[in-house]
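With CSV, C-alpha atoms inside, this is target-v5.csv:
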```csv
chain,number,residue,atom,x,y,z
A,1,MET,CA,0.0,0.0,0.0
A,2,THR,CA,1.4,3.4,-1.0
A,3,LYS,CA,1.8,6.3,1.4
A,4,SER,CA,-1.1,8.2,-0.2
A,5,ASN,CA,-3.4,5.1,0.2
A,6,VAL,CA,-2.4,4.8,3.9
A,7,ASN,CA,-3.2,8.5,4.4
A,8,GLU,CA,-6.5,8.1,2.6
A,9,GLN,CA,-7.5,5.2,4.8
A,10,LEU,CA,-6.5,7.1,8.0
A,11,GLU,CA,-8.7,10.0,6.9
A,12,PHE,CA,-11.6,7.7,6.2
A,13,GLN,CA,-11.1,6.1,9.7
A,14,LYS,CA,-11.4,9.6,11.2
A,15,GLU,CA,-14.4,10.4,9.1
A,16,LEU,CA,-16.3,7.3,10.1
A,17,THR,CA,-15.4,7.8,13.8
A,18,SER,CA,-16.7,11.4,13.6
A,19,LEU,CA,-19.9,10.4,11.8
A,20,ALA,CA,-20.6,7.6,14.2
A,21,ALA,CA,-20.1,10.0,17.2
A,22,GLN,CA,-22.5,12.5,15.6
A,23,ASN,CA,-25.1,9.8,15.6
A,24,GLY,CA,-24.6,8.6,19.2
A,25,LEU,CA,-22.2,5.7,18.4
A,26,GLN,CA,-18.8,5.9,20.2
A,27,ILE,CA,-16.1,3.9,18.6
A,28,ALA,CA,-12.4,3.9,18.9
A,29,GLU,CA,-10.7,5.3,15.8
A,30,GLU,CA,-7.9,2.7,16.0
A,31,SER,CA,-10.5,-0.1,16.0
A,32,VAL,CA,-11.7,0.8,12.5
A,33,ILE,CA,-10.6,-1.6,9.8
A,34,ILE,CA,-11.4,-0.4,6.3
A,35,ASN,CA,-12.6,-2.7,3.5
A,36,GLU,CA,-12.7,-1.1,0.0
A,37,SER,CA,-13.7,-4.1,-2.0
A,38,GLY,CA,-17.4,-3.1,-2.4
A,39,MET,CA,-18.4,-1.3,-5.5
A,40,ASP,CA,-21.3,0.6,-3.9
A,41,PHE,CA,-20.2,1.2,-0.3
A,42,ARG,CA,-16.9,2.0,1.5
A,43,VAL,CA,-17.0,-0.2,4.6
A,44,GLY,CA,-15.5,-0.1,8.0
A,45,PHE,CA,-15.4,-2.7,10.8
A,46,ALA,CA,-15.3,-1.1,14.2
A,47,THR,CA,-15.8,-1.8,17.9
A,48,ASP,CA,-17.7,0.4,20.4
A,49,GLU,CA,-16.9,1.2,24.0
A,50,GLN,CA,-18.9,-1.8,25.2
A,51,GLY,CA,-17.0,-4.2,22.9
A,52,GLN,CA,-19.8,-4.6,20.4
A,53,GLN,CA,-18.6,-4.9,16.8
A,54,TRP,CA,-20.2,-2.8,14.1
A,55,ILE,CA,-20.4,-2.5,10.3
A,56,LEU,CA,-20.1,1.1,9.1
A,57,ARG,CA,-21.2,1.7,5.5
A,58,GLN,CA,-20.8,4.9,3.5
A,59,PRO,CA,-22.4,5.2,0.0
A,60,ARG,CA,-20.0,5.8,-2.8
A,61,ARG,CA,-22.5,7.6,-5.0
A,62,GLU,CA,-25.9,9.3,-5.0
A,63,ASP,CA,-27.6,6.4,-6.8
A,64,VAL,CA,-26.4,4.1,-4.0
A,65,TRP,CA,-28.2,6.1,-1.4
A,66,GLU,CA,-31.4,5.9,-3.4
A,67,ARG,CA,-31.1,2.1,-3.4
A,68,ALA,CA,-30.2,2.1,0.3
A,69,VAL,CA,-33.6,3.6,1.0
A,70,ASN,CA,-35.2,0.6,-0.7
A,71,GLU,CA,-32.8,-1.7,1.2
A,72,ARG,CA,-34.1,-0.3,4.5
A,73,LYS,CA,-37.6,-1.2,3.6
A,74,VAL,CA,-36.5,-4.6,2.5
A,75,LEU,CA,-34.9,-5.4,5.8
A,76,GLU,CA,-38.0,-4.4,7.7
A,77,VAL,CA,-40.0,-7.0,5.7
A,78,VAL,CA,-37.5,-9.9,5.5
A,79,LYS,CA,-36.5,-9.9,9.2
A,80,ARG,CA,-40.0,-11.1,10.1
A,81,HIS,CA,-39.9,-14.2,7.8
A,82,LEU,CA,-36.4,-15.6,7.4
A,83,PRO,CA,-34.8,-18.4,9.5
A,84,ILE,CA,-31.5,-16.4,9.5
A,85,GLU,CA,-30.2,-13.0,10.6
A,86,VAL,CA,-30.3,-9.8,8.5
A,87,PRO,CA,-28.7,-6.5,9.4
A,88,GLU,CA,-30.6,-4.3,11.9
A,89,TRP,CA,-29.7,-0.7,10.9
A,90,ARG,CA,-29.3,1.5,14.0
A,91,ILE,CA,-27.9,4.5,12.0
A,92,PHE,CA,-29.4,5.5,8.6
A,93,THR,CA,-28.2,8.8,7.0
A,94,PRO,CA,-26.9,9.7,3.6
A,95,GLU,CA,-23.4,9.8,5.1
A,96,LEU,CA,-23.4,6.7,7.3
A,97,ILE,CA,-25.3,3.4,7.7
A,98,ALA,CA,-24.4,1.3,10.7
A,99,TYR,CA,-25.5,-1.9,12.3
A,100,PRO,CA,-24.1,-4.5,14.7
A,101,LEU,CA,-22.0,-7.2,13.1
A,102,LEU,CA,-23.9,-10.4,12.4
A,103,VAL,CA,-22.7,-13.6,14.1
A,104,GLY,CA,-20.6,-15.7,11.8
A,105,GLU,CA,-18.4,-14.9,8.8
A,106,PRO,CA,-18.9,-14.8,5.0
A,107,ILE,CA,-18.5,-18.1,3.3
A,108,ALA,CA,-15.9,-16.3,1.1
A,109,VAL,CA,-14.5,-12.8,0.6
A,110,VAL,CA,-13.2,-11.1,-2.5
A,111,ASP,CA,-9.5,-11.9,-3.0
A,112,PRO,CA,-7.9,-8.5,-3.9
A,113,ALA,CA,-4.8,-10.3,-5.3
A,114,GLY,CA,-6.6,-12.7,-7.6
A,115,GLY,CA,-9.8,-11.0,-8.3
A,116,GLY,CA,-11.8,-14.1,-7.4
A,117,TYR,CA,-12.9,-15.4,-4.0
A,118,ALA,CA,-10.9,-16.5,-0.9
A,119,TRP,CA,-13.1,-19.2,0.6
A,120,ARG,CA,-13.4,-19.6,4.4
A,121,PHE,CA,-13.8,-23.4,3.7
A,122,SER,CA,-12.7,-25.3,0.7
A,123,GLN,CA,-15.2,-24.8,-2.1
A,124,GLU,CA,-14.8,-28.4,-3.2
A,125,SER,CA,-15.6,-29.9,0.3
A,126,LEU,CA,-18.4,-27.8,1.6
A,127,PHE,CA,-20.8,-29.6,4.0
A,128,GLU,CA,-24.3,-30.8,3.2
A,129,ASP,CA,-25.5,-28.4,5.8
A,130,PHE,CA,-24.3,-25.4,3.8
A,131,PHE,CA,-26.3,-26.4,0.7
A,132,ASP,CA,-29.4,-27.4,2.7
A,133,SER,CA,-29.5,-24.2,4.8
A,134,LEU,CA,-28.9,-22.1,1.7
A,135,ALA,CA,-31.7,-23.8,-0.2
A,136,ALA,CA,-34.0,-23.4,2.9
A,137,THR,CA,-33.1,-19.7,3.2
A,138,LEU,CA,-33.8,-19.0,-0.4
A,139,ALA,CA,-37.1,-20.9,-0.3
A,140,ALA,CA,-38.2,-18.9,2.7
A,141,LEU,CA,-37.2,-15.7,1.1
A,142,HIS,CA,-38.9,-16.4,-2.2
A,143,ASN,CA,-42.1,-17.5,-0.5
A,144,ILE,CA,-42.6,-14.1,1.3
A,145,ASP,CA,-46.0,-12.8,0.3
A,146,PRO,CA,-45.4,-10.2,-2.5
A,147,ASP,CA,-48.4,-8.2,-1.5
A,148,GLU,CA,-47.0,-7.8,2.0
A,149,ALA,CA,-43.7,-6.7,0.6
A,150,VAL,CA,-45.3,-4.2,-1.7
A,151,LYS,CA,-47.2,-2.7,1.2
A,152,GLY,CA,-43.8,-2.4,3.0
A,153,GLY,CA,-42.5,-0.3,0.1
A,154,VAL,CA,-40.4,-3.0,-1.7
A,155,ARG,CA,-39.9,-2.5,-5.4
A,156,SER,CA,-41.8,-5.0,-7.5
A,157,LYS,CA,-41.9,-6.3,-11.1
A,158,THR,CA,-44.4,-8.7,-12.7
A,159,PRO,CA,-42.8,-11.5,-14.7
A,160,THR,CA,-43.5,-9.5,-17.9
A,161,GLU,CA,-41.9,-6.4,-16.4
A,162,ALA,CA,-38.9,-8.3,-15.3
A,163,ARG,CA,-38.4,-9.7,-18.7
A,164,GLU,CA,-38.9,-6.3,-20.3
A,165,ALA,CA,-36.3,-4.8,-18.0
A,166,PHE,CA,-33.7,-7.4,-19.0
A,167,ALA,CA,-34.5,-6.5,-22.7
A,168,ALA,CA,-34.3,-2.8,-22.1
A,169,ASN,CA,-31.0,-3.1,-20.3
A,170,ILE,CA,-29.5,-5.0,-23.1
A,171,GLU,CA,-30.7,-2.5,-25.7
A,172,GLU,CA,-29.3,0.3,-23.6
A,173,ILE,CA,-25.8,-1.2,-23.3
A,174,LYS,CA,-25.7,-1.9,-27.1
A,175,GLN,CA,-25.7,1.9,-27.5
A,176,SER,CA,-22.5,2.3,-25.6
A,177,PHE,CA,-20.6,-1.1,-25.9
A,178,ALA,CA,-19.7,-3.4,-28.7
A,179,VAL,CA,-21.5,-6.7,-28.3
A,180,PRO,CA,-20.2,-9.7,-30.3
A,181,ASP,CA,-22.9,-10.9,-32.7
A,182,GLN,CA,-22.8,-14.4,-31.3
A,183,LEU,CA,-23.5,-13.2,-27.8
A,184,ALA,CA,-26.2,-10.8,-28.9
A,185,SER,CA,-27.9,-13.6,-30.8
A,186,ARG,CA,-27.9,-15.8,-27.7
A,187,TRP,CA,-29.4,-13.0,-25.6
A,188,GLU,CA,-32.2,-12.5,-28.3
A,189,THR,CA,-33.0,-16.2,-28.3
A,190,TRP,CA,-33.4,-16.2,-24.5
A,191,LEU,CA,-35.5,-13.1,-24.4
A,192,THR,CA,-37.9,-14.3,-27.1
A,193,THR,CA,-38.4,-17.9,-26.0
A,194,ASP,CA,-41.3,-18.0,-23.7
A,195,SER,CA,-40.5,-21.5,-22.2
A,196,TYR,CA,-37.4,-20.2,-20.5
A,197,TRP,CA,-39.3,-17.6,-18.5
A,198,PRO,CA,-41.2,-18.0,-15.2
A,199,GLU,CA,-44.8,-17.1,-14.7
A,200,HIS,CA,-44.3,-15.8,-11.2
A,201,SER,CA,-42.1,-13.3,-9.4
A,202,THR,CA,-40.4,-13.8,-6.0
A,203,PHE,CA,-38.8,-11.7,-3.3
A,204,ASN,CA,-35.1,-11.8,-4.3
A,205,HIS,CA,-31.9,-10.8,-2.5
A,206,GLY,CA,-30.6,-9.7,-5.8
A,207,ASP,CA,-26.9,-9.8,-5.2
A,208,LEU,CA,-26.3,-13.2,-3.7
A,209,HIS,CA,-22.6,-13.8,-4.0
A,210,PRO,CA,-20.4,-15.5,-1.4
A,211,PRO,CA,-19.3,-12.4,0.6
A,212,HIS,CA,-23.0,-11.7,1.3
A,213,ILE,CA,-23.7,-15.2,2.7
A,214,ILE,CA,-22.8,-15.5,6.5
A,215,VAL,CA,-22.1,-19.0,7.9
A,216,ASN,CA,-21.2,-20.4,11.3
A,217,ASP,CA,-18.3,-22.9,12.0
A,218,ALA,CA,-20.5,-25.8,10.9
A,219,GLN,CA,-21.0,-24.0,7.5
A,220,ARG,CA,-24.7,-23.5,8.2
A,221,VAL,CA,-26.0,-20.3,6.7
A,222,THR,CA,-26.9,-17.9,9.5
A,223,GLY,CA,-27.3,-14.6,7.8
A,224,LEU,CA,-27.5,-12.6,4.6
A,225,ILE,CA,-26.1,-9.0,4.2
A,226,ASP,CA,-26.1,-6.2,1.6
A,227,TRP,CA,-29.7,-6.2,0.3
A,228,THR,CA,-29.3,-3.1,-1.9
A,229,GLU,CA,-30.5,-4.9,-5.0
A,230,ALA,CA,-33.5,-6.7,-3.4
A,231,GLU,CA,-36.9,-6.6,-5.1
A,232,ILE,CA,-39.7,-8.7,-6.2
A,233,ALA,CA,-38.8,-9.9,-9.6
A,234,ASP,CA,-37.3,-12.9,-11.6
A,235,PRO,CA,-36.9,-16.0,-9.4
A,236,GLY,CA,-33.7,-17.1,-11.2
A,237,LYS,CA,-31.7,-14.0,-10.2
A,238,ASP,CA,-30.5,-15.4,-6.8
A,239,PHE,CA,-29.0,-18.5,-8.5
A,240,VAL,CA,-26.9,-16.9,-11.2
A,241,ILE,CA,-23.7,-16.4,-9.3
A,242,TYR,CA,-24.1,-19.8,-7.7
A,243,TYR,CA,-24.3,-21.3,-11.2
A,244,ALA,CA,-21.1,-19.5,-12.2
A,245,LEU,CA,-19.3,-21.0,-9.1
A,246,PHE,CA,-20.8,-24.6,-9.0
A,247,GLU,CA,-21.7,-25.1,-12.6
A,248,GLU,CA,-24.7,-27.1,-13.9
A,249,GLU,CA,-24.3,-30.1,-11.7
A,250,GLY,CA,-24.1,-27.9,-8.6
A,251,LEU,CA,-27.1,-25.8,-9.6
A,252,ARG,CA,-29.2,-28.9,-10.3
A,253,ASP,CA,-28.4,-30.2,-6.8
A,254,LEU,CA,-29.3,-26.8,-5.2
A,255,LEU,CA,-32.5,-26.5,-7.1
A,256,ASN,CA,-33.6,-30.0,-5.9
A,257,ARG,CA,-32.9,-29.0,-2.3
A,258,TYR,CA,-34.7,-25.7,-2.9
A,259,GLU,CA,-37.8,-27.5,-4.3
A,260,GLN,CA,-37.8,-29.9,-1.3
A,261,ALA,CA,-37.6,-26.9,1.0
A,262,GLY,CA,-40.8,-25.4,-0.6
A,263,GLY,CA,-39.3,-23.3,-3.4
A,264,ARG,CA,-41.3,-23.1,-6.6
A,265,THR,CA,-39.6,-24.2,-9.8
A,266,TRP,CA,-40.6,-24.6,-13.5
A,267,PRO,CA,-39.4,-27.0,-16.2
A,268,ARG,CA,-36.7,-24.7,-17.7
A,269,MET,CA,-35.6,-23.0,-14.6
A,270,LEU,CA,-32.0,-24.3,-14.8
A,271,GLU,CA,-31.7,-23.3,-18.4
A,272,HIS,CA,-33.1,-19.9,-17.7
A,273,ILE,CA,-30.5,-19.3,-15.0
A,274,ARG,CA,-27.8,-20.5,-17.3
A,275,GLU,CA,-28.9,-17.9,-19.9
A,276,GLN,CA,-29.0,-15.2,-17.2
A,277,TRP,CA,-25.4,-16.0,-16.5
A,278,ALA,CA,-24.7,-15.7,-20.3
A,279,ALA,CA,-26.3,-12.2,-20.0
A,280,TYR,CA,-24.2,-11.3,-17.0
A,281,PRO,CA,-21.8,-9.1,-19.1
A,282,ALA,CA,-24.8,-6.9,-19.8
A,283,VAL,CA,-25.5,-6.5,-16.1
A,284,VAL,CA,-21.9,-5.4,-15.5
A,285,ALA,CA,-22.1,-3.0,-18.5
A,286,LYS,CA,-25.3,-1.5,-17.0
A,287,PHE,CA,-23.6,-1.0,-13.7
A,288,ALA,CA,-20.7,0.7,-15.5
A,289,LEU,CA,-23.1,3.1,-17.2
A,290,ILE,CA,-24.6,3.9,-13.8
A,291,THR,CA,-21.3,4.7,-12.1
A,292,GLY,CA,-19.7,6.3,-15.2
A,293,GLU,CA,-16.3,5.2,-13.9
A,294,GLU,CA,-13.8,4.3,-16.5
A,295,SER,CA,-12.4,1.3,-14.6
A,296,ASN,CA,-15.9,-0.2,-14.6
A,297,MET,CA,-16.4,0.6,-18.3
A,298,GLU,CA,-13.1,-1.1,-19.1
A,299,MET,CA,-14.2,-4.2,-17.1
A,300,ALA,CA,-17.5,-4.3,-19.0
A,301,ARG,CA,-15.7,-4.0,-22.3
A,302,GLY,CA,-13.4,-6.9,-21.4
A,303,MET,CA,-16.2,-9.1,-20.3
A,304,LEU,CA,-18.2,-8.5,-23.5
A,305,ALA,CA,-15.3,-9.0,-25.8
A,306,ASN,CA,-14.0,-12.1,-24.1
A,307,TRP,CA,-17.1,-13.9,-22.9
A,308,ASP,CA,-17.1,-17.6,-23.9
A,309,VAL,CA,-20.5,-17.9,-25.5
A,310,LYS,CA,-20.4,-21.7,-25.5
A,311,GLN,CA,-19.5,-22.1,-21.9
A,312,GLY,CA,-21.4,-19.0,-20.6
```
Target encoding structure tokens, full file:
Amino acid sequence: MTKSNVNEQLEFQKELTSLAAQNGLQIAEESVIINESGMDFRVGFATDEQGQQWILRQPRREDVWERAVNERKVLEVVKRHLPIEVPEWRIFTPELIAYPLLVGEPIAVVDPAGGGYAWRFSQESLFEDFFDSLAATLAALHNIDPDEAVKGGVRSKTPTEAREAFAANIEEIKQSFAVPDQLASRWETWLTTDSYWPEHSTFNHGDLHPPHIIVNDAQRVTGLIDWTEAEIADPGKDFVIYYALFEEEGLRDLLNRYEQAGGRTWPRMLEHIREQWAAYPAVVAKFALITGEESNMEMARGMLANWDVKQG
């Protein structure tokens, strides 16, 4: 880490400590550990005067704050229905969001050196309890009554609206990025083939990748964090990153567990999720357009240019 980066982190530590104090939370500046891996939030881990550990989140952009407002509404609904913990926000301002640290640790974290994940446990030898508890958690989440969620202020899309949103995003990114013909053709086939698509919407986490899945020492899922993208929409969305990590055999196994736990499936659900993963470069490109940051634009260009259509 360069001297300028060290100074920047020290300034951020001071800023978080000051913001926390302004909102009645007393933390020791030296206890603040900074995590810069998130694209939407700068995050600090801190300890208060009573020894309670806290998560401190600071939105990176204005659009993140808008989605954080939705996230707060989401948390108020899901905490009543899930068999696991979710964050309980004690401070909620445009400059600082803070909540007590959940018990457990992420099943994996972003590896800054390799760009992938550093797993808490070996990915190849995860316990049955991890898969069962993840499936049960997803089934419980997806079975939350959409009407109750809408009354709570959660964003909602019908199956048709969710499908149209995918199509609109793809058309938008085509205006700013070069999309290989073969990839564009695959997206078009997916979007126009009715049998891929579900006839129901579910309450989704929306960003279910390993750092957001909290587990205990027995690898049982005990919490989910970072609900910024949550909404009622396409049921396949919460399985896309899982498919990328565990491939078709792993996804088939999880969907079987999900169905046994009460989750609703349809005949081409696995294929639909596979096609959602093939469209993931469009998701990254859309994010790049929202942030306007050149590093994100370059990442999107690379994914679009190098995506393996056959494997994706």
Problem set entry | Computed interatomic separation between CA of Ser195 (chain A) and CA of Leu254 (chain A) (Å) | 21.0 Å
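Taking CA of Ala68 (chain A) and CA of Gly223 (chain A) as the two end points, the separation is 18.5 Å.
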For this session: Record the distance separating CA of Arg186 (chain A) and CA of Glu164 (chain A), expressed in Å with one decimal.
Result: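 Atom-to-atom, CA of Arg186 (chain A) and CA of Glu164 (chain A) are spaced 16.3 Å apart.
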Exercise. Which of these, A:Tyr117, A:Val179, A:Glu229, A:Ile144, has the shortest distance to Val69 (chain A) once you count only C-alpha atoms?
Worked result: A:Glu229
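In terms of minimum interatomic distance to Glu49 (chain A), A:Ile27 ranks closest within A:Arg67, A:Leu138, A:Ile27, A:Ala233, counting all atoms listed in the file.
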For this session: Quick one: everything within 9 Å of Tyr99 (chain A), counting only C-alpha atoms, minus sequence neighbours fewer than 6 positions away in the same chain. Send it as a PyMOL selection string.
Result: chain A and resi 53-57+87-91
Rows by chain and residue number, region 80-197 of chain A within 12 Å of region 268-277 of chain A, shortest pair, only C-alpha atoms, as CSV:
```
residue,atom,partner,partner_atom,distance
A:Arg163,CA,A:Gln276,CA,11.0
A:Phe166,CA,A:Gln276,CA,9.3
A:Ala167,CA,A:Gln276,CA,11.7
A:Ile170,CA,A:Gln276,CA,11.8
A:Leu183,CA,A:Glu275,CA,10.7
A:Ala184,CA,A:Glu275,CA,11.8
A:Ser185,CA,A:Glu275,CA,11.8
A:Arg186,CA,A:Glu275,CA,8.1
A:Trp187,CA,A:Glu275,CA,7.5
A:Glu188,CA,A:Glu275,CA,10.5
A:Thr189,CA,A:Glu275,CA,9.5
A:Trp190,CA,A:Glu275,CA,6.7
A:Leu191,CA,A:Glu275,CA,9.3
A:Thr192,CA,A:His272,CA,11.9
A:Thr193,CA,A:His272,CA,10.0
A:Asp194,CA,A:Arg268,CA,10.1
A:Ser195,CA,A:Arg268,CA,6.7
A:Tyr196,CA,A:His272,CA,5.1
A:Trp197,CA,A:His272,CA,6.7
```
For this session: Find the residues around His200 (chain A) up to 9 Å (all atoms listed in the file counted), leave out those fewer than 4 positions away in its own chain, and share them as a VMD selection string.
Result: chain A and resid 158 to 159 233 to 235
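Across A:Lys14, A:Arg155, A:His209, A:Lys237, the tightest approach to Val110 (chain A) is made by A:His209 when counting all atoms listed in the file.
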For this session: Pull the neighbourhood of (-30.4, -10.0, 9.2) for me: all residues within 9 Å in file coordinates, counting all atoms listed in the file, as an MDAnalysis selection string.
Result: chainID A and resid 75 78:79 82 84:88 102 222:225
Once you count all atoms listed in the file, what closest atom pair and distance in Å to one decimal does each residue of region 72-161 of chain A within 12 Å of region 29-39 of chain A have, with rows by chain and rising residue number, as CSV?
```
residue,atom,partner,partner_atom,distance
A:Val109,CA,A:Ser37,CA,9.1
A:Val110,CA,A:Ser37,CA,7.0
A:Asp111,CA,A:Ser37,CA,8.9
A:Pro112,CA,A:Ser37,CA,7.5
A:Ala113,CA,A:Ser37,CA,11.3
A:Gly115,CA,A:Ser37,CA,10.1
A:Gly116,CA,A:Ser37,CA,11.5
A:Tyr117,CA,A:Ser37,CA,11.5
```
Exercise. Which is closer to Glu71 (chain A) than all the others in A:Ile97, A:Leu304, A:Met299, A:Leu25, using all atoms listed in the file?
Worked result: A:Ile97
Problem set entry | Which residue of A:Trp119, A:Trp227, A:Phe12, A:Phe45 approaches Glu76 (chain A) most closely, using all atoms listed in the file | A:Trp227
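For the choices A:Phe131, A:Asp238, A:Ala28, A:His81, the atom-to-atom distance to Asp253 (chain A) is smallest for A:Phe131 when using only C-alpha atoms.
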For this session: Within 10 Å of (-22.6, 1.2, -24.1) (coordinates as in the file), grab all the protein and nucleic acid residues, counting all atoms listed in the file, and write them out as number ranges by chain.
Result: A: 170-179, 282, 285-286, 288-289, 297, 300-301
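Those residues that approach Asn23 (chain A) to within 10 Å, counting only C-alpha atoms, are Ser18, Arg90, Ile91, Phe92, Thr93, Leu96 and Ala98 of chain A; same-chain residues fewer than 5 positions away are not listed.
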